[in-house]
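Remarks on the structure that follows.
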Amino acid sequence: MTLPAQLLEEAKSLDLNISQACEQGLKSAIASIRAQQWLADNRASLEASRQYVEENGLL
């Protein structure tokens with residue numbers, strides 16, 4: 001893994017735990033991608049539910 005030198009220097013000057021920050025960033029990116037995938041996988045069902053409520057109201 002490579003990171004821009006300027007970014008590393010700034011992180012070090014702020015006494016930032018680089019490993020922990022990278023781990024948190026990866027967790028966030030993974031969660032975001034999984035959420036996007038879930039929405040894409042379930043788009044048809046969500047649309048059908050939205051349409052049903054629009055036509056029939058809430059249960």
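Residues in the structure tokens are named by chain (A, B, ... in the order shown) and by number from 1 within that chain; ligands are numbered from 1 in the order shown.
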
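Residue neighbourhood of Leu8 of chain A, excluding near-sequence residues (fewer than 3 positions): Thr2, Leu3, Pro4, Ala5, Ala11, Lys12, Ser13, Leu14, Asp15, Leu16, Asn17, Ile18, Ser19, Ala21 and Cys22 of chain A, at 12 Å, using only C-alpha atoms.
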
Please, could you write that set of residues out with N, CA, C and O atoms as a PDB file, in the first residue's frame?
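Below is the file out.pdb, written as the result:
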```pdb
ATOM      1  N   THR A   2       0.530   2.196  -0.786  1.00  0.00           N
ATOM      2  CA  THR A   2       1.294   3.440  -0.824  1.00  0.00           C
ATOM      3  C   THR A   2       0.362   4.602  -0.508  1.00  0.00           C
ATOM      4  O   THR A   2      -0.827   4.575  -0.852  1.00  0.00           O
ATOM      5  N   LEU A   3       0.915   5.580   0.144  1.00  0.00           N
ATOM      6  CA  LEU A   3       0.178   6.800   0.480  1.00  0.00           C
ATOM      7  C   LEU A   3       1.029   7.989   0.083  1.00  0.00           C
ATOM      8  O   LEU A   3       2.265   7.923   0.151  1.00  0.00           O
ATOM      9  N   PRO A   4       0.410   9.079  -0.302  1.00  0.00           N
ATOM     10  CA  PRO A   4       1.176  10.273  -0.670  1.00  0.00           C
ATOM     11  C   PRO A   4       2.032  10.756   0.515  1.00  0.00           C
ATOM     12  O   PRO A   4       1.561  10.805   1.660  1.00  0.00           O
ATOM     13  N   ALA A   5       3.265  11.103   0.232  1.00  0.00           N
ATOM     14  CA  ALA A   5       4.212  11.521   1.273  1.00  0.00           C
ATOM     15  C   ALA A   5       3.677  12.714   2.064  1.00  0.00           C
ATOM     16  O   ALA A   5       3.803  12.757   3.291  1.00  0.00           O
ATOM     17  N   ALA A  11      -0.140  13.658   8.721  1.00  0.00           N
ATOM     18  CA  ALA A  11      -0.670  12.751   9.735  1.00  0.00           C
ATOM     19  C   ALA A  11       0.315  12.609  10.894  1.00  0.00           C
ATOM     20  O   ALA A  11      -0.081  12.653  12.067  1.00  0.00           O
ATOM     21  N   LYS A  12       1.588  12.462  10.580  1.00  0.00           N
ATOM     22  CA  LYS A  12       2.607  12.331  11.624  1.00  0.00           C
ATOM     23  C   LYS A  12       2.713  13.606  12.447  1.00  0.00           C
ATOM     24  O   LYS A  12       2.861  13.556  13.670  1.00  0.00           O
ATOM     25  N   SER A  13       2.619  14.760  11.792  1.00  0.00           N
ATOM     26  CA  SER A  13       2.715  16.033  12.521  1.00  0.00           C
ATOM     27  C   SER A  13       1.521  16.222  13.454  1.00  0.00           C
ATOM     28  O   SER A  13       1.619  16.939  14.447  1.00  0.00           O
ATOM     29  N   LEU A  14       0.422  15.587  13.160  1.00  0.00           N
ATOM     30  CA  LEU A  14      -0.768  15.664  14.012  1.00  0.00           C
ATOM     31  C   LEU A  14      -0.825  14.516  15.015  1.00  0.00           C
ATOM     32  O   LEU A  14      -1.802  14.370  15.739  1.00  0.00           O
ATOM     33  N   ASP A  15       0.235  13.709  15.045  1.00  0.00           N
ATOM     34  CA  ASP A  15       0.326  12.541  15.930  1.00  0.00           C
ATOM     35  C   ASP A  15      -0.858  11.594  15.725  1.00  0.00           C
ATOM     36  O   ASP A  15      -1.424  11.063  16.675  1.00  0.00           O
ATOM     37  N   LEU A  16      -1.219  11.403  14.481  1.00  0.00           N
ATOM     38  CA  LEU A  16      -2.328  10.539  14.101  1.00  0.00           C
ATOM     39  C   LEU A  16      -1.835   9.099  13.971  1.00  0.00           C
ATOM     40  O   LEU A  16      -0.777   8.850  13.398  1.00  0.00           O
ATOM     41  N   ASN A  17      -2.587   8.167  14.503  1.00  0.00           N
ATOM     42  CA  ASN A  17      -2.264   6.749  14.354  1.00  0.00           C
ATOM     43  C   ASN A  17      -2.660   6.352  12.933  1.00  0.00           C
ATOM     44  O   ASN A  17      -3.842   6.166  12.629  1.00  0.00           O
ATOM     45  N   ILE A  18      -1.684   6.230  12.066  1.00  0.00           N
ATOM     46  CA  ILE A  18      -1.932   5.995  10.640  1.00  0.00           C
ATOM     47  C   ILE A  18      -2.596   4.647  10.401  1.00  0.00           C
ATOM     48  O   ILE A  18      -3.535   4.544   9.604  1.00  0.00           O
ATOM     49  N   SER A  19      -2.152   3.620  11.088  1.00  0.00           N
ATOM     50  CA  SER A  19      -2.749   2.290  10.916  1.00  0.00           C
ATOM     51  C   SER A  19      -4.223   2.302  11.306  1.00  0.00           C
ATOM     52  O   SER A  19      -5.072   1.757  10.601  1.00  0.00           O
ATOM     53  N   ALA A  21      -6.223   4.913  11.441  1.00  0.00           N
ATOM     54  CA  ALA A  21      -6.959   5.755  10.504  1.00  0.00           C
ATOM     55  C   ALA A  21      -7.230   5.005   9.199  1.00  0.00           C
ATOM     56  O   ALA A  21      -8.325   5.089   8.646  1.00  0.00           O
ATOM     57  N   CYS A  22      -6.243   4.256   8.727  1.00  0.00           N
ATOM     58  CA  CYS A  22      -6.430   3.460   7.513  1.00  0.00           C
ATOM     59  C   CYS A  22      -7.492   2.388   7.732  1.00  0.00           C
ATOM     60  O   CYS A  22      -8.345   2.161   6.875  1.00  0.00           O
TER      61      CYS A  22
END
```

**Message:** Taking only chain A into account, list the residues labelled alpha helix (DSSP H) by DSSP (computed from the backbone), as a VMD selection string.
**Reply:** chain A and resid 5 to 13 18 to 56
